[in-house]
file protein-v4.pdb (PDB, C-alpha atoms)
ATOM      1  CA  MET A 723     -26.624 -29.073  31.926
ATOM      2  CA  TRP A 724     -25.722 -29.098  28.228
ATOM      3  CA  PHE A 725     -23.835 -25.809  28.584
ATOM      4  CA  ALA A 726     -21.823 -27.101  31.562
ATOM      5  CA  THR A 727     -20.847 -30.237  29.638
ATOM      6  CA  ARG A 728     -19.840 -28.253  26.554
ATOM      7  CA  PHE A 729     -17.868 -25.822  28.729
ATOM      8  CA  ASP A 730     -15.986 -28.656  30.470
ATOM      9  CA  MET A 731     -15.173 -30.245  27.113
ATOM     10  CA  ALA A 732     -13.825 -26.915  25.842
ATOM     11  CA  ALA A 733     -11.652 -26.561  28.960
ATOM     12  CA  THR A 734     -10.354 -30.117  28.497
ATOM     13  CA  LEU A 735      -9.665 -29.542  24.828
ATOM     14  CA  SER A 736      -7.731 -26.420  25.692
ATOM     15  CA  SER A 737      -5.602 -28.284  28.240
ATOM     16  CA  VAL A 738      -5.026 -31.138  25.755
ATOM     17  CA  GLU A 739      -4.005 -28.656  23.082
ATOM     18  CA  GLN A 740      -1.629 -26.986  25.559
ATOM     19  CA  LEU A 741      -0.189 -30.393  26.455
ATOM     20  CA  VAL A 742       0.504 -31.098  22.767
ATOM     21  CA  VAL A 743       2.051 -27.659  22.228
ATOM     22  CA  ASN A 744       4.329 -28.118  25.253
ATOM     23  CA  ALA A 745       5.279 -31.645  24.146
ATOM     24  CA  THR A 746       6.175 -30.363  20.687
ATOM     25  CA  LYS A 747       8.373 -27.610  22.139
ATOM     26  CA  GLN A 748      10.168 -30.116  24.359
ATOM     27  CA  ALA A 749      10.605 -32.476  21.408
ATOM     28  CA  GLU A 750      12.098 -29.705  19.249
ATOM     29  CA  ILE A 751      14.617 -28.839  21.963
ATOM     30  CA  PHE A 752      15.439 -32.505  22.525
ATOM     31  CA  VAL A 753      15.807 -33.425  18.839
ATOM     32  CA  GLU A 754      18.176 -30.528  18.223
ATOM     33  CA  ALA A 755      20.321 -31.355  21.268
ATOM     34  CA  PHE A 756      20.300 -35.135  20.685
ATOM     35  CA  TYR A 757      21.410 -35.087  17.049
ATOM     36  CA  ALA A 758      23.955 -32.330  17.702
ATOM     37  CA  ALA A 759      25.443 -34.595  20.390
ATOM     38  CA  GLN A 760      25.366 -37.598  18.017
ATOM     39  CA  ASP A 761      27.221 -35.580  15.372
ATOM     40  CA  SER A 762      29.883 -34.215  17.719
ATOM     41  CA  SER A 763      33.470 -35.406  17.431
ATOM     42  CA  ILE A 764      34.094 -39.063  18.234
ATOM     43  CA  ALA A 765      36.166 -38.034  21.275
ATOM     44  CA  GLU A 766      33.271 -35.970  22.711
ATOM     45  CA  ARG A 767      30.269 -38.024  21.539
ATOM     46  CA  ALA A 768      29.931 -40.483  24.439
ATOM     47  CA  ALA A 769      30.173 -37.747  27.060
ATOM     48  CA  LYS A 770      27.485 -35.720  25.273
ATOM     49  CA  VAL A 771      25.090 -38.521  24.309
ATOM     50  CA  GLN A 772      24.984 -40.815  27.349
ATOM     51  CA  PRO A 773      23.584 -38.145  29.741
ATOM     52  CA  LEU A 774      20.571 -37.844  27.415
ATOM     53  CA  TYR A 775      19.569 -41.397  28.387
ATOM     54  CA  SER A 776      17.981 -42.584  31.596
ATOM     55  CA  PRO A 777      20.286 -45.142  33.294
ATOM     56  CA  ALA A 778      17.479 -47.734  32.938
ATOM     57  CA  ALA A 779      17.057 -47.018  29.204
ATOM     58  CA  ARG A 780      16.434 -49.820  26.722
ATOM     59  CA  ILE A 781      18.498 -49.147  23.600
ATOM     60  CA  THR A 782      18.252 -50.993  20.290
ATOM     61  CA  TRP A 783      20.458 -49.998  17.367
ATOM     62  CA  ASN A 784      19.466 -51.565  14.058
ATOM     63  CA  GLY A 785      18.064 -54.620  15.856
ATOM     64  CA  ASN A 786      20.967 -55.012  18.295
ATOM     65  CA  PRO A 787      20.383 -54.366  22.007
ATOM     66  CA  ILE A 788      22.924 -52.097  23.680
ATOM     67  CA  PRO A 789      23.106 -52.032  27.490
ATOM     68  CA  TYR A 790      23.246 -48.522  28.948
ATOM     69  CA  ASN A 791      26.680 -49.170  30.475
ATOM     70  CA  ASP A 792      28.044 -50.260  27.064
ATOM     71  CA  LEU A 793      26.760 -47.137  25.294
ATOM     72  CA  PRO A 794      30.007 -45.090  25.610
ATOM     73  CA  ALA A 795      32.117 -47.869  24.047
ATOM     74  CA  PHE A 796      29.538 -48.329  21.277
ATOM     75  CA  LEU A 797      29.522 -44.600  20.497
ATOM     76  CA  GLU A 798      33.327 -44.470  20.416
ATOM     77  CA  ARG A 799      33.386 -47.279  17.816
ATOM     78  CA  MET A 800      30.875 -45.504  15.561
ATOM     79  CA  PRO A 801      32.372 -43.469  12.718
ATOM     80  CA  LYS A 802      31.845 -39.762  12.411
ATOM     81  CA  SER A 803      28.199 -38.997  11.592
ATOM     82  CA  LEU A 804      26.057 -36.261  10.137
ATOM     83  CA  HIS A 805      22.301 -36.519  10.755
ATOM     84  CA  GLU A 806      19.764 -34.609   8.703
ATOM     85  CA  VAL A 807      16.427 -34.748  10.500
ATOM     86  CA  GLN A 808      13.702 -34.439   7.903
ATOM     87  CA  ALA A 809      10.657 -34.914  10.135
ATOM     88  CA  PHE A 810       9.662 -35.730  13.678
ATOM     89  CA  ASP A 811       6.351 -36.389  15.362
ATOM     90  CA  CYS A 812       5.723 -36.203  19.084
ATOM     91  CA  HIS A 813       2.776 -37.234  21.247
ATOM     92  CA  PRO A 814       2.341 -36.943  24.992
ATOM     93  CA  ILE A 815       1.494 -40.174  26.797
ATOM     94  CA  SER A 816      -1.369 -39.440  29.143
ATOM     95  CA  GLY A 817      -1.729 -41.040  32.510
ATOM     96  CA  SER A 818       0.192 -38.921  35.018
ATOM     97  CA  ALA A 819      -2.072 -38.491  38.023
ATOM     98  CA  THR A 820       0.540 -36.435  39.875
ATOM     99  CA  GLY A 821       0.466 -33.495  37.496
ATOM    100  CA  ALA A 822       4.067 -34.186  36.417
ATOM    101  CA  PRO A 823       4.910 -33.553  32.766
ATOM    102  CA  PRO A 824       3.854 -36.505  30.617
ATOM    103  CA  SER A 825       6.188 -38.963  28.973
ATOM    104  CA  LEU A 826       6.544 -38.432  25.218
ATOM    105  CA  VAL A 827       6.587 -40.731  22.209
ATOM    106  CA  LEU A 828       8.934 -39.267  19.614
ATOM    107  CA  SER A 829       9.369 -40.578  16.074
ATOM    108  CA  VAL A 830      12.198 -39.133  13.973
ATOM    109  CA  SER A 831      13.130 -39.778  10.354
ATOM    110  CA  GLY A 832      15.869 -38.451   8.160
ATOM    111  CA  GLN A 833      19.209 -39.267   6.592
ATOM    112  CA  VAL A 834      22.521 -40.014   8.235
ATOM    113  CA  THR A 835      25.974 -40.090   6.706
ATOM    114  CA  HIS A 836      28.700 -42.101   8.457
ATOM    115  CA  GLY A 837      32.415 -41.825   7.857
ATOM    116  CA  ASP A 838      34.608 -39.140   6.375
ATOM    117  CA  ASN A 839      35.950 -40.817   3.248
ATOM    118  CA  GLY A 840      34.067 -38.546   0.861
ATOM    119  CA  PRO A 841      31.918 -39.762  -2.005
ATOM    120  CA  PRO A 842      33.244 -42.689  -4.062
ATOM    121  CA  SER A 843      35.591 -41.764  -6.865
ATOM    122  CA  THR A 844      35.895 -43.436 -10.230
ATOM    123  CA  GLY A 845      38.148 -46.442 -10.411
ATOM    124  CA  THR A 846      38.158 -49.331  -8.007
ATOM    125  CA  ILE A 847      35.215 -49.196  -5.610
ATOM    126  CA  HIS A 848      35.503 -50.725  -2.149
ATOM    127  CA  ALA A 849      32.805 -51.193   0.478
ATOM    128  CA  ARG A 850      34.246 -48.324   2.545
ATOM    129  CA  ASP A 851      33.721 -45.983  -0.423
ATOM    130  CA  PHE A 852      30.022 -46.069   0.400
ATOM    131  CA  ASP A 853      30.384 -45.057   4.038
ATOM    132  CA  PHE A 854      29.973 -41.424   3.113
ATOM    133  CA  LEU A 855      26.694 -41.929   1.234
ATOM    134  CA  PRO A 856      23.569 -40.899   3.172
ATOM    135  CA  ARG A 857      21.273 -43.632   4.499
ATOM    136  CA  VAL A 858      17.651 -43.197   5.480
ATOM    137  CA  PHE A 859      16.942 -43.802   9.176
ATOM    138  CA  SER A 860      13.980 -44.017  11.482
ATOM    139  CA  GLN A 861      14.238 -43.620  15.236
ATOM    140  CA  SER A 862      11.544 -44.106  17.863
ATOM    141  CA  LEU A 863      12.118 -42.746  21.347
ATOM    142  CA  ILE A 864      10.174 -42.691  24.578
ATOM    143  CA  LEU A 865      11.171 -39.702  26.648
ATOM    144  CA  VAL A 866      10.504 -39.401  30.373
ATOM    145  CA  HIS A 867      10.643 -36.193  32.362
ATOM    146  CA  ASP A 868      13.426 -36.146  34.958
ATOM    147  CA  PRO A 869      13.067 -33.133  37.276
ATOM    148  CA  THR A 870      16.514 -33.822  38.774
ATOM    149  CA  ALA A 871      18.283 -33.686  35.402
ATOM    150  CA  PRO A 872      19.943 -30.457  34.286
ATOM    151  CA  PRO A 873      18.101 -28.835  31.358
ATOM    152  CA  ILE A 874      19.520 -29.625  27.928
ATOM    153  CA  GLY A 875      19.276 -27.727  24.692
ATOM    154  CA  ALA A 876      19.054 -24.053  23.976
ATOM    155  CA  PRO A 877      16.953 -22.303  26.607
ATOM    156  CA  GLU A 878      14.078 -20.315  25.183
ATOM    157  CA  ASN A 879      14.973 -16.616  25.231
ATOM    158  CA  GLY A 880      17.852 -17.396  27.565
ATOM    159  CA  ALA A 881      15.443 -18.143  30.430
ATOM    160  CA  PRO A 882      17.113 -20.320  33.051
ATOM    161  CA  GLY A 883      15.654 -23.811  33.289
ATOM    162  CA  SER A 884      13.722 -23.562  30.029
ATOM    163  CA  GLY A 885      15.689 -26.313  28.281
ATOM    164  CA  SER A 886      14.381 -29.870  28.179
ATOM    165  CA  GLN A 887      14.588 -32.104  31.244
ATOM    166  CA  TYR A 888      13.500 -35.154  29.261
ATOM    167  CA  ARG A 889      15.686 -38.235  29.049
ATOM    168  CA  ILE A 890      15.435 -41.289  26.808
ATOM    169  CA  SER A 891      13.752 -44.289  28.396
ATOM    170  CA  ALA A 892      13.565 -46.395  25.212
ATOM    171  CA  ASP A 893      15.353 -45.967  21.880
ATOM    172  CA  SER A 894      14.974 -47.966  18.687
ATOM    173  CA  PHE A 895      17.140 -46.849  15.733
ATOM    174  CA  ARG A 896      16.793 -48.461  12.301
ATOM    175  CA  PHE A 897      18.209 -47.941   8.848
ATOM    176  CA  CYS A 898      15.373 -48.058   6.346
TER     177      CYS A 898
END
call {"tool": "encode", "arguments": {"input": "protein-v4.pdb", "output": "structure tokens"}}
result
Amino acid sequence: MWFATRFDMAATLSSVEQLVVNATKQAEIFVEAFYAAQDSSIAERAAKVQPLYSPAARITWNGNPIPYNDLPAFLERMPKSLHEVQAFDCHPISGSATGAPPSLVLSVSGQVTHGDNGPPSTGTIHARDFDFLPRVFSQSLILVHDPTAPPIGAPENGAPGSGSQYRISADSFRFC
């Protein structure tokens, strides 16, 4: 009996470890695609970013709720950006009885620079002079698997369908 219990625990641990490895791979693909879309030109940004969200997504940007349908207009008003992701952490959310891929909790931190004014020069300093200075950010995302969504991100080894089919269900962005 002891051996059977230990064996089952080892099998479970292996499947949990595999779940974490798969979640991390999906998170890497998603983070790269998401921040590349955020940093695309202002004219292209909305078309690249909005499809990464589920239509029922709850979005909060620095404490301000943004309805999904208002996301394109919000993104078009944002200045040019450059995100530098310094760390991310991802955990699968257990509970899928259907065998579908789990939802993921993704925490990202880094620096973001908004605007294209360049660093402040000597002389008179205005508030807009600081737009180009990097700001620390933290972003928490809940990703849900959407089997009907086209894969995003760079496919692994060019294999078709190996990109991420995760979409954002909840997003909370904050400057630190």
call {"tool": "closest_residue", "arguments": {"input": "protein-v4.pdb", "among": "A:Gln861, A:Asp792, A:Pro777, A:Pro869", "to": "A:Ser894", "atoms": "only C-alpha atoms"}}
result
A:Gln861
call {"tool": "residues_around", "arguments": {"input": "protein-v4.pdb", "residues": "A:Val743", "least_positions_apart": "5", "cutoff": "10 Å", "atoms": "only C-alpha atoms", "output": "number ranges by chain"}}
result
A: 737-738, 748-749, 812-814
call {"tool": "atom_distance", "arguments": {"input": "protein-v4.pdb", "atom1": "atom CA of A:Ser829", "atom2": "atom CA of A:Phe897"}}
result
13.6 Å
call {"tool": "resolve_selection", "arguments": {"input": "protein-v4.pdb", "expression": "the PyMOL selection byres ((chain A and resi 884-892) around 9)", "output": "ChimeraX atom specification"}}
result
/A:747-749,751-752,773-782,825-826,862-883,893-894
call {"tool": "atom_distance", "arguments": {"input": "protein-v4.pdb", "atom1": "atom CA of A:Ser803", "atom2": "atom CA of A:Asn791"}}
result
21.5 Å
call {"tool": "atom_distance", "arguments": {"input": "protein-v4.pdb", "atom1": "atom CA of A:Glu798", "atom2": "atom CA of A:Leu828"}}
result
25.0 Å
call {"tool": "closest_residue", "arguments": {"input": "protein-v4.pdb", "among": "A:Val830, A:Ile815, A:Pro789, A:Trp783", "to": "A:Arg896", "atoms": "all atoms listed in the file"}}
result
A:Trp783
call {"tool": "resolve_selection", "arguments": {"input": "protein-v4.pdb", "expression": "the PyMOL selection byres ((chain A and resi 834) around 12)", "output": "PyMOL selection string"}}
result
chain A and resi 757+760-761+801-808+830-833+835-837+853-861+895-898
call {"tool": "axis_aligned_box", "arguments": {"input": "protein-v4.pdb", "around": "stretch 739-753 of chain A", "padding_each_side": "6 Å", "output": "AutoDock Vina command-line options"}}
result
--center_x 5.9 --center_y -30.2 --center_z 22.6 --size_x 31.8 --size_y 18.4 --size_z 19.6
call {"tool": "closest_residue", "arguments": {"input": "protein-v4.pdb", "among": "A:Leu793, A:Leu741, A:Ala822, A:Val827", "to": "A:Gln772", "atoms": "only C-alpha atoms"}}
result
A:Leu793
